[in-house]
Amino acid sequence: MGLNKGASSDEIKKAYRKKAKEYHPDINPDNKDAAEKFKEVNEAYEVLSDSQKKAAYDRFGHAGVDPSYSGGAGYGASAGGFSGFSDFGGFEDILENFFGGGFSSSRSSRSRGVNSPTKGEDIIVGLSLSFIEAALGCKKTISFTRKEKCSACSGTGAKKGTSPQVCQTCQGTGQIRVEQRTPFGVMSSVRPCHVCGGKGKIVKDPCPECHGIGKISRNIKMEVNVPAGIDDGQTFVLKSQGDSGNNGGPSGDLGVKVRVAKHEIFKRDGYDIYCELPLTFTQAVFGEEVTVPTIDGKVKYNITEGTQPGTTFRLRNKGVPYVNGKGRGDQYVKVNIEVPKNLNNKQKEQLKAFEETLNHDKNYSKRKSFFDKLKNFL
């Protein structure tokens, strides 16, 4: 444990957590040295976390806690053996608090039983959509692989006409108790059964279809309804379309995560759509009924006389439909007035003559306002 004699309870607990994490079998799979170290740490904490046993160890060393000393007259024998962790709770409680529940599965499985129904794994599959497909919804075909119960053996893993046998080593519990004599006394721990692999049953004659697993991988093609209004990066879920469950448990779910391509004209912000509309100089001056594109098709809109560059108008309820709800967003159209280029001499002269007929204060209000402010500034 790396502790000094007379270490406090907090120091013992802190040292134990550090060592337990360092040598735990789940972190060091197939490492026999780590497994032995883990046992030693476990046994040391068993003694040091008990104030009476710790006092005996501080005073007499190993002899104070090993029942084999003095014909079993050591502290461990007189106390009736180890009674478990006294002040800090059980080993699994320590690990569950320390690792955030990561090591509590063995205890949970014991409380549920190795053959209890459990839900199958969820599956995530990607789906590419166009801007319009995502906005208005569509039907698409997706392909994925999932694990299904083997029909040949009905999920048992045993060849047809046979059945799995209860493991005689663990009596169907999937776990065995191991006792080990150490310098600190006889320690016991629960481990997955090495004979059945923790399943509680042994398949002596495996199913030739699933090779004793009880499940087979199947390629699935499925037509799905993409909900209108779904956005890039979002996921819609199809219940019970994932991997099949275990021991009669429900199937997992299928999540479809979408990627939406950009559009040449439209941009999306939430459920609203934005676009720009180019107008000619004369359309802006005189006003005109123009055609505006939307995700539903083309609509007519009246541009008012004297429309200025950057003017934005709204088309109500022409945006994206709300996902699984009523209503939809709006479409905002920004006017972009294009100044004519490549004029010939006659056209230029005509524009100059036209400009001379204008009253700058009356016909160019923004220009007048700007120069009025400039005069005050100067």
# chains A, B, ... in the order shown; residues from 1 in each chain; ligands from 1
call {"tool": "select_by_dssp", "arguments": {"residues": "stretch 205-306 of chain A", "states": "strand (DSSP E or B)", "output": "VMD selection string"}}
result
chain A and resid 206 215 to 226 235 to 238 246 254 to 260 267 to 269 272 to 280 288 to 294 297 to 303
call {"tool": "residues_around", "arguments": {"residues": "A:Lys149", "least_positions_apart": "4", "cutoff": "10 Å", "atoms": "only C-alpha atoms", "output": "list in words"}}
result
Cys153, Ser154, Gly155, Thr156, Gly157, Cys210, Ile213, Gly214, Lys215, Ile216, Ser217, Arg218, Asp243, Ser244, Gly245, Asn246 and Gly248 of chain A
call {"tool": "atom_distance", "arguments": {"atom1": "atom CA of A:Asp30", "atom2": "atom CA of A:Pro206"}}
result
26.5 Å
call {"tool": "select_by_dssp", "arguments": {"residues": "stretch 137-370 of chain A", "states": "alpha helix (DSSP H)", "output": "list in words"}}
result
Phe281, Thr282, Gln283, Ala284, Val285, Phe286, Asn345, Lys346, Gln347, Lys348, Glu349, Gln350, Leu351, Lys352, Ala353, Phe354, Glu355, Glu356, His360, Asp361, Lys362, Asn363, Ser365, Lys366, Arg367, Lys368, Ser369 and Phe370 of chain A
call {"tool": "write_last_selection", "arguments": {"atoms": "N, CA and C atoms", "output": "PDB file, in the first residue's frame"}}
result
ATOM      1  N   PHE A 281     -31.767  47.471 -62.059  1.00  0.00           N
ATOM      2  CA  PHE A 281     -31.917  48.848 -61.612  1.00  0.00           C
ATOM      3  C   PHE A 281     -33.345  49.362 -61.871  1.00  0.00           C
ATOM      4  N   THR A 282     -33.880  49.074 -63.051  1.00  0.00           N
ATOM      5  CA  THR A 282     -35.222  49.582 -63.376  1.00  0.00           C
ATOM      6  C   THR A 282     -36.314  48.867 -62.576  1.00  0.00           C
ATOM      7  N   GLN A 283     -36.108  47.566 -62.240  1.00  0.00           N
ATOM      8  CA  GLN A 283     -37.084  46.879 -61.396  1.00  0.00           C
ATOM      9  C   GLN A 283     -37.173  47.541 -60.029  1.00  0.00           C
ATOM     10  N   ALA A 284     -36.027  47.927 -59.505  1.00  0.00           N
ATOM     11  CA  ALA A 284     -36.020  48.579 -58.198  1.00  0.00           C
ATOM     12  C   ALA A 284     -36.624  49.978 -58.274  1.00  0.00           C
ATOM     13  N   VAL A 285     -36.376  50.671 -59.383  1.00  0.00           N
ATOM     14  CA  VAL A 285     -36.893  52.044 -59.519  1.00  0.00           C
ATOM     15  C   VAL A 285     -38.406  52.049 -59.707  1.00  0.00           C
ATOM     16  N   PHE A 286     -38.883  51.252 -60.641  1.00  0.00           N
ATOM     17  CA  PHE A 286     -40.305  51.304 -60.995  1.00  0.00           C
ATOM     18  C   PHE A 286     -41.174  50.341 -60.173  1.00  0.00           C
ATOM     19  N   ASN A 345     -21.972  54.266 -75.388  1.00  0.00           N
ATOM     20  CA  ASN A 345     -21.938  55.727 -75.220  1.00  0.00           C
ATOM     21  C   ASN A 345     -23.324  56.333 -75.189  1.00  0.00           C
ATOM     22  N   LYS A 346     -24.215  55.853 -76.016  1.00  0.00           N
ATOM     23  CA  LYS A 346     -25.561  56.404 -76.057  1.00  0.00           C
ATOM     24  C   LYS A 346     -26.269  56.195 -74.724  1.00  0.00           C
ATOM     25  N   GLN A 347     -26.120  54.998 -74.178  1.00  0.00           N
ATOM     26  CA  GLN A 347     -26.762  54.705 -72.909  1.00  0.00           C
ATOM     27  C   GLN A 347     -26.192  55.574 -71.787  1.00  0.00           C
ATOM     28  N   LYS A 348     -24.899  55.786 -71.813  1.00  0.00           N
ATOM     29  CA  LYS A 348     -24.282  56.638 -70.792  1.00  0.00           C
ATOM     30  C   LYS A 348     -24.798  58.074 -70.889  1.00  0.00           C
ATOM     31  N   GLU A 349     -24.911  58.592 -72.119  1.00  0.00           N
ATOM     32  CA  GLU A 349     -25.409  59.952 -72.299  1.00  0.00           C
ATOM     33  C   GLU A 349     -26.854  60.067 -71.812  1.00  0.00           C
ATOM     34  N   GLN A 350     -27.641  59.061 -72.095  1.00  0.00           N
ATOM     35  CA  GLN A 350     -29.024  59.085 -71.644  1.00  0.00           C
ATOM     36  C   GLN A 350     -29.132  59.064 -70.120  1.00  0.00           C
ATOM     37  N   LEU A 351     -28.250  58.288 -69.470  1.00  0.00           N
ATOM     38  CA  LEU A 351     -28.264  58.247 -68.006  1.00  0.00           C
ATOM     39  C   LEU A 351     -27.820  59.586 -67.420  1.00  0.00           C
ATOM     40  N   LYS A 352     -26.825  60.218 -68.029  1.00  0.00           N
ATOM     41  CA  LYS A 352     -26.387  61.528 -67.551  1.00  0.00           C
ATOM     42  C   LYS A 352     -27.497  62.561 -67.694  1.00  0.00           C
ATOM     43  N   ALA A 353     -28.190  62.510 -68.830  1.00  0.00           N
ATOM     44  CA  ALA A 353     -29.300  63.447 -69.035  1.00  0.00           C
ATOM     45  C   ALA A 353     -30.392  63.192 -68.011  1.00  0.00           C
ATOM     46  N   PHE A 354     -30.642  61.919 -67.714  1.00  0.00           N
ATOM     47  CA  PHE A 354     -31.652  61.574 -66.715  1.00  0.00           C
ATOM     48  C   PHE A 354     -31.234  62.067 -65.328  1.00  0.00           C
ATOM     49  N   GLU A 355     -29.954  61.934 -65.014  1.00  0.00           N
ATOM     50  CA  GLU A 355     -29.463  62.336 -63.700  1.00  0.00           C
ATOM     51  C   GLU A 355     -29.619  63.837 -63.502  1.00  0.00           C
ATOM     52  N   GLU A 356     -29.444  64.601 -64.571  1.00  0.00           N
ATOM     53  CA  GLU A 356     -29.548  66.054 -64.470  1.00  0.00           C
ATOM     54  C   GLU A 356     -30.966  66.510 -64.185  1.00  0.00           C
ATOM     55  N   HIS A 360     -31.530  66.130 -56.174  1.00  0.00           N
ATOM     56  CA  HIS A 360     -30.763  65.255 -55.295  1.00  0.00           C
ATOM     57  C   HIS A 360     -31.315  65.203 -53.875  1.00  0.00           C
ATOM     58  N   ASP A 361     -31.833  66.332 -53.401  1.00  0.00           N
ATOM     59  CA  ASP A 361     -32.371  66.324 -52.038  1.00  0.00           C
ATOM     60  C   ASP A 361     -33.662  65.518 -51.960  1.00  0.00           C
ATOM     61  N   LYS A 362     -34.437  65.540 -53.036  1.00  0.00           N
ATOM     62  CA  LYS A 362     -35.730  64.853 -53.029  1.00  0.00           C
ATOM     63  C   LYS A 362     -35.605  63.394 -53.462  1.00  0.00           C
ATOM     64  N   ASN A 363     -34.798  63.156 -54.467  1.00  0.00           N
ATOM     65  CA  ASN A 363     -34.725  61.805 -55.029  1.00  0.00           C
ATOM     66  C   ASN A 363     -33.675  60.915 -54.358  1.00  0.00           C
ATOM     67  N   SER A 365     -32.650  60.592 -50.732  1.00  0.00           N
ATOM     68  CA  SER A 365     -32.799  60.968 -49.322  1.00  0.00           C
ATOM     69  C   SER A 365     -31.632  60.454 -48.463  1.00  0.00           C
ATOM     70  N   LYS A 366     -31.150  59.279 -48.743  1.00  0.00           N
ATOM     71  CA  LYS A 366     -30.034  58.751 -47.954  1.00  0.00           C
ATOM     72  C   LYS A 366     -28.766  59.575 -48.180  1.00  0.00           C
ATOM     73  N   ARG A 367     -28.567  59.970 -49.434  1.00  0.00           N
ATOM     74  CA  ARG A 367     -27.389  60.787 -49.750  1.00  0.00           C
ATOM     75  C   ARG A 367     -27.465  62.124 -49.029  1.00  0.00           C
ATOM     76  N   LYS A 368     -28.651  62.749 -49.050  1.00  0.00           N
ATOM     77  CA  LYS A 368     -28.840  64.038 -48.381  1.00  0.00           C
ATOM     78  C   LYS A 368     -28.582  63.899 -46.875  1.00  0.00           C
ATOM     79  N   SER A 369     -29.125  62.828 -46.267  1.00  0.00           N
ATOM     80  CA  SER A 369     -28.944  62.613 -44.835  1.00  0.00           C
ATOM     81  C   SER A 369     -27.471  62.438 -44.481  1.00  0.00           C
ATOM     82  N   PHE A 370     -26.742  61.734 -45.317  1.00  0.00           N
ATOM     83  CA  PHE A 370     -25.336  61.495 -45.051  1.00  0.00           C
ATOM     84  C   PHE A 370     -24.557  62.806 -45.059  1.00  0.00           C
TER      85      PHE A 370
END
call {"tool": "residues_around", "arguments": {"residues": "A:Cys170", "least_positions_apart": "6", "cutoff": "12 Å", "atoms": "only C-alpha atoms", "output": "list in words"}}
result
Val114, Ile176, Arg177, Val178, Val190, Arg191, Pro192, Cys193, His194, Val195, Cys196, Gly197, Gly198, Lys199, Gly200, Lys201 and Ile202 of chain A
call {"tool": "write_last_selection", "arguments": {"atoms": "N, CA and C atoms", "output": "mmCIF file, in the first residue's frame"}}
result
data_model
loop_
_atom_site.group_PDB
_atom_site.id
_atom_site.type_symbol
_atom_site.label_atom_id
_atom_site.label_comp_id
_atom_site.auth_asym_id
_atom_site.auth_seq_id
_atom_site.Cartn_x
_atom_site.Cartn_y
_atom_site.Cartn_z
ATOM 1 N N VAL A 114 -27.623 -14.080 -14.251
ATOM 2 C CA VAL A 114 -26.939 -14.113 -15.548
ATOM 3 C C VAL A 114 -27.899 -14.388 -16.692
ATOM 4 N N ILE A 176 -17.948 -17.863 -9.471
ATOM 5 C CA ILE A 176 -17.399 -18.788 -8.475
ATOM 6 C C ILE A 176 -16.708 -17.987 -7.386
ATOM 7 N N ARG A 177 -16.678 -18.552 -6.196
ATOM 8 C CA ARG A 177 -15.986 -17.921 -5.071
ATOM 9 C C ARG A 177 -14.627 -18.588 -4.906
ATOM 10 N N VAL A 178 -13.594 -17.773 -4.832
ATOM 11 C CA VAL A 178 -12.235 -18.270 -4.719
ATOM 12 C C VAL A 178 -11.664 -17.845 -3.374
ATOM 13 N N VAL A 190 -15.139 -13.151 -5.498
ATOM 14 C CA VAL A 190 -16.052 -13.724 -6.493
ATOM 15 C C VAL A 190 -15.556 -13.357 -7.883
ATOM 16 N N ARG A 191 -15.475 -14.369 -8.758
ATOM 17 C CA ARG A 191 -15.000 -14.146 -10.120
ATOM 18 C C ARG A 191 -15.929 -14.821 -11.115
ATOM 19 N N PRO A 192 -15.902 -14.362 -12.399
ATOM 20 C CA PRO A 192 -16.661 -15.080 -13.428
ATOM 21 C C PRO A 192 -16.177 -16.517 -13.536
ATOM 22 N N CYS A 193 -17.109 -17.405 -13.738
ATOM 23 C CA CYS A 193 -16.767 -18.822 -13.841
ATOM 24 C C CYS A 193 -15.873 -19.052 -15.062
ATOM 25 N N HIS A 194 -14.739 -19.724 -14.843
ATOM 26 C CA HIS A 194 -13.783 -19.954 -15.923
ATOM 27 C C HIS A 194 -14.236 -21.068 -16.860
ATOM 28 N N VAL A 195 -15.202 -21.879 -16.417
ATOM 29 C CA VAL A 195 -15.664 -22.991 -17.241
ATOM 30 C C VAL A 195 -16.690 -22.525 -18.274
ATOM 31 N N CYS A 196 -17.678 -21.737 -17.841
ATOM 32 C CA CYS A 196 -18.746 -21.297 -18.748
ATOM 33 C C CYS A 196 -18.569 -19.868 -19.217
ATOM 34 N N GLY A 197 -17.472 -19.208 -18.775
ATOM 35 C CA GLY A 197 -17.246 -17.832 -19.190
ATOM 36 C C GLY A 197 -18.219 -16.852 -18.577
ATOM 37 N N GLY A 198 -18.814 -17.210 -17.440
ATOM 38 C CA GLY A 198 -19.753 -16.320 -16.760
ATOM 39 C C GLY A 198 -21.169 -16.401 -17.266
ATOM 40 N N LYS A 199 -21.462 -17.340 -18.172
ATOM 41 C CA LYS A 199 -22.803 -17.446 -18.747
ATOM 42 C C LYS A 199 -23.737 -18.331 -17.931
ATOM 43 N N GLY A 200 -23.174 -19.200 -17.113
ATOM 44 C CA GLY A 200 -23.997 -20.091 -16.305
ATOM 45 C C GLY A 200 -24.432 -21.350 -17.028
ATOM 46 N N LYS A 201 -24.211 -21.403 -18.327
ATOM 47 C CA LYS A 201 -24.594 -22.562 -19.124
ATOM 48 C C LYS A 201 -23.460 -22.947 -20.074
ATOM 49 N N ILE A 202 -23.431 -24.205 -20.446
ATOM 50 C CA ILE A 202 -22.415 -24.713 -21.364
ATOM 51 C C ILE A 202 -23.102 -25.350 -22.570
#
call {"tool": "closest_residue", "arguments": {"among": "A:Gly212, A:Gly229, A:Gly329, A:Gly297", "to": "A:Val260", "atoms": "only C-alpha atoms"}}
result
A:Gly229
call {"tool": "closest_residue", "arguments": {"among": "A:Glu288, A:Glu40, A:Glu133, A:Glu338", "to": "A:Val320", "atoms": "only C-alpha atoms"}}
result
A:Glu133
call {"tool": "residues_around", "arguments": {"residues": "A:Gly270", "least_positions_apart": "6", "cutoff": "12 Å", "atoms": "only C-alpha atoms", "output": "PDB file with N, CA and C atoms, in the first residue's frame"}}
result
ATOM      1  N   ALA A 135     -35.698  19.320 -45.528  1.00  0.00           N
ATOM      2  CA  ALA A 135     -36.690  20.329 -45.170  1.00  0.00           C
ATOM      3  C   ALA A 135     -38.122  19.800 -45.282  1.00  0.00           C
ATOM      4  N   GLY A 229     -38.229  18.658 -41.733  1.00  0.00           N
ATOM      5  CA  GLY A 229     -37.661  19.648 -40.826  1.00  0.00           C
ATOM      6  C   GLY A 229     -36.397  19.214 -40.129  1.00  0.00           C
ATOM      7  N   ILE A 230     -35.958  17.982 -40.328  1.00  0.00           N
ATOM      8  CA  ILE A 230     -34.741  17.523 -39.658  1.00  0.00           C
ATOM      9  C   ILE A 230     -33.541  18.297 -40.194  1.00  0.00           C
ATOM     10  N   ASP A 231     -32.573  18.558 -39.317  1.00  0.00           N
ATOM     11  CA  ASP A 231     -31.440  19.408 -39.689  1.00  0.00           C
ATOM     12  C   ASP A 231     -30.146  18.607 -39.680  1.00  0.00           C
ATOM     13  N   ASP A 232     -29.121  19.187 -40.240  1.00  0.00           N
ATOM     14  CA  ASP A 232     -27.817  18.530 -40.341  1.00  0.00           C
ATOM     15  C   ASP A 232     -27.298  18.140 -38.960  1.00  0.00           C
ATOM     16  N   GLY A 319     -40.937  28.769 -44.645  1.00  0.00           N
ATOM     17  CA  GLY A 319     -39.698  28.199 -44.152  1.00  0.00           C
ATOM     18  C   GLY A 319     -39.804  26.692 -43.965  1.00  0.00           C
ATOM     19  N   VAL A 320     -39.013  26.155 -43.039  1.00  0.00           N
ATOM     20  CA  VAL A 320     -38.943  24.711 -42.808  1.00  0.00           C
ATOM     21  C   VAL A 320     -40.042  24.284 -41.836  1.00  0.00           C
ATOM     22  N   PRO A 321     -40.732  23.182 -42.110  1.00  0.00           N
ATOM     23  CA  PRO A 321     -41.738  22.670 -41.167  1.00  0.00           C
ATOM     24  C   PRO A 321     -41.088  22.263 -39.845  1.00  0.00           C
ATOM     25  N   TYR A 322     -41.823  22.465 -38.743  1.00  0.00           N
ATOM     26  CA  TYR A 322     -41.334  22.036 -37.434  1.00  0.00           C
ATOM     27  C   TYR A 322     -41.332  20.514 -37.375  1.00  0.00           C
ATOM     28  N   VAL A 323     -40.247  19.933 -36.831  1.00  0.00           N
ATOM     29  CA  VAL A 323     -40.150  18.480 -36.725  1.00  0.00           C
ATOM     30  C   VAL A 323     -41.223  17.965 -35.759  1.00  0.00           C
ATOM     31  N   ARG A 328     -44.574  26.077 -39.352  1.00  0.00           N
ATOM     32  CA  ARG A 328     -43.271  26.118 -39.999  1.00  0.00           C
ATOM     33  C   ARG A 328     -42.692  27.510 -39.883  1.00  0.00           C
ATOM     34  N   GLY A 329     -41.418  27.633 -40.223  1.00  0.00           N
ATOM     35  CA  GLY A 329     -40.756  28.927 -40.161  1.00  0.00           C
ATOM     36  C   GLY A 329     -41.105  29.806 -41.345  1.00  0.00           C
ATOM     37  N   ASP A 330     -40.366  30.924 -41.472  1.00  0.00           N
ATOM     38  CA  ASP A 330     -40.591  31.886 -42.551  1.00  0.00           C
ATOM     39  C   ASP A 330     -39.385  31.907 -43.490  1.00  0.00           C
ATOM     40  N   GLN A 331     -39.589  32.541 -44.645  1.00  0.00           N
ATOM     41  CA  GLN A 331     -38.483  32.744 -45.576  1.00  0.00           C
ATOM     42  C   GLN A 331     -38.209  34.235 -45.683  1.00  0.00           C
TER      43      GLN A 331
END
call {"tool": "residues_around", "arguments": {"residues": "A:Gly252", "least_positions_apart": "3", "cutoff": "12 Å", "atoms": "only C-alpha atoms", "output": "list in words"}}
result
Thr118, Lys119, Gly120, Glu121, Asp122, Ile123, Ile124, Arg146, Lys147, Glu148, Val237, Leu238, Lys239, Ser240, Gln241, Gly242, Asp243, Ser244, Gly245, Asn246, Gly249 and Gly255 of chain A
call {"tool": "residues_around", "arguments": {"residues": "A:Ser128", "least_positions_apart": "2", "cutoff": "9 Å", "atoms": "only C-alpha atoms", "output": "ChimeraX atom specification"}}
result
/A:126,130,257-261
call {"tool": "write_last_selection", "arguments": {"atoms": "N, CA and C atoms", "output": "mmCIF file, in the first residue's frame"}}
result
data_model
loop_
_atom_site.group_PDB
_atom_site.id
_atom_site.type_symbol
_atom_site.label_atom_id
_atom_site.label_comp_id
_atom_site.auth_asym_id
_atom_site.auth_seq_id
_atom_site.Cartn_x
_atom_site.Cartn_y
_atom_site.Cartn_z
ATOM 1 N N GLY A 126 -25.592 6.271 -40.707
ATOM 2 C CA GLY A 126 -25.588 7.591 -41.323
ATOM 3 C C GLY A 126 -26.453 7.636 -42.575
ATOM 4 N N SER A 130 -30.407 15.698 -49.335
ATOM 5 C CA SER A 130 -30.327 17.013 -49.966
ATOM 6 C C SER A 130 -31.025 18.023 -49.047
ATOM 7 N N LYS A 257 -28.597 9.076 -38.208
ATOM 8 C CA LYS A 257 -28.000 10.405 -38.120
ATOM 9 C C LYS A 257 -27.832 10.975 -39.530
ATOM 10 N N VAL A 258 -28.387 12.170 -39.752
ATOM 11 C CA VAL A 258 -28.431 12.718 -41.108
ATOM 12 C C VAL A 258 -27.330 13.748 -41.345
ATOM 13 N N ARG A 259 -26.894 13.782 -42.581
ATOM 14 C CA ARG A 259 -25.993 14.815 -43.078
ATOM 15 C C ARG A 259 -26.697 15.512 -44.226
ATOM 16 N N VAL A 260 -26.847 16.823 -44.121
ATOM 17 C CA VAL A 260 -27.613 17.581 -45.101
ATOM 18 C C VAL A 260 -26.675 18.410 -45.968
ATOM 19 N N ALA A 261 -26.807 18.264 -47.266
ATOM 20 C CA ALA A 261 -25.963 19.002 -48.202
ATOM 21 C C ALA A 261 -26.381 20.471 -48.262
#
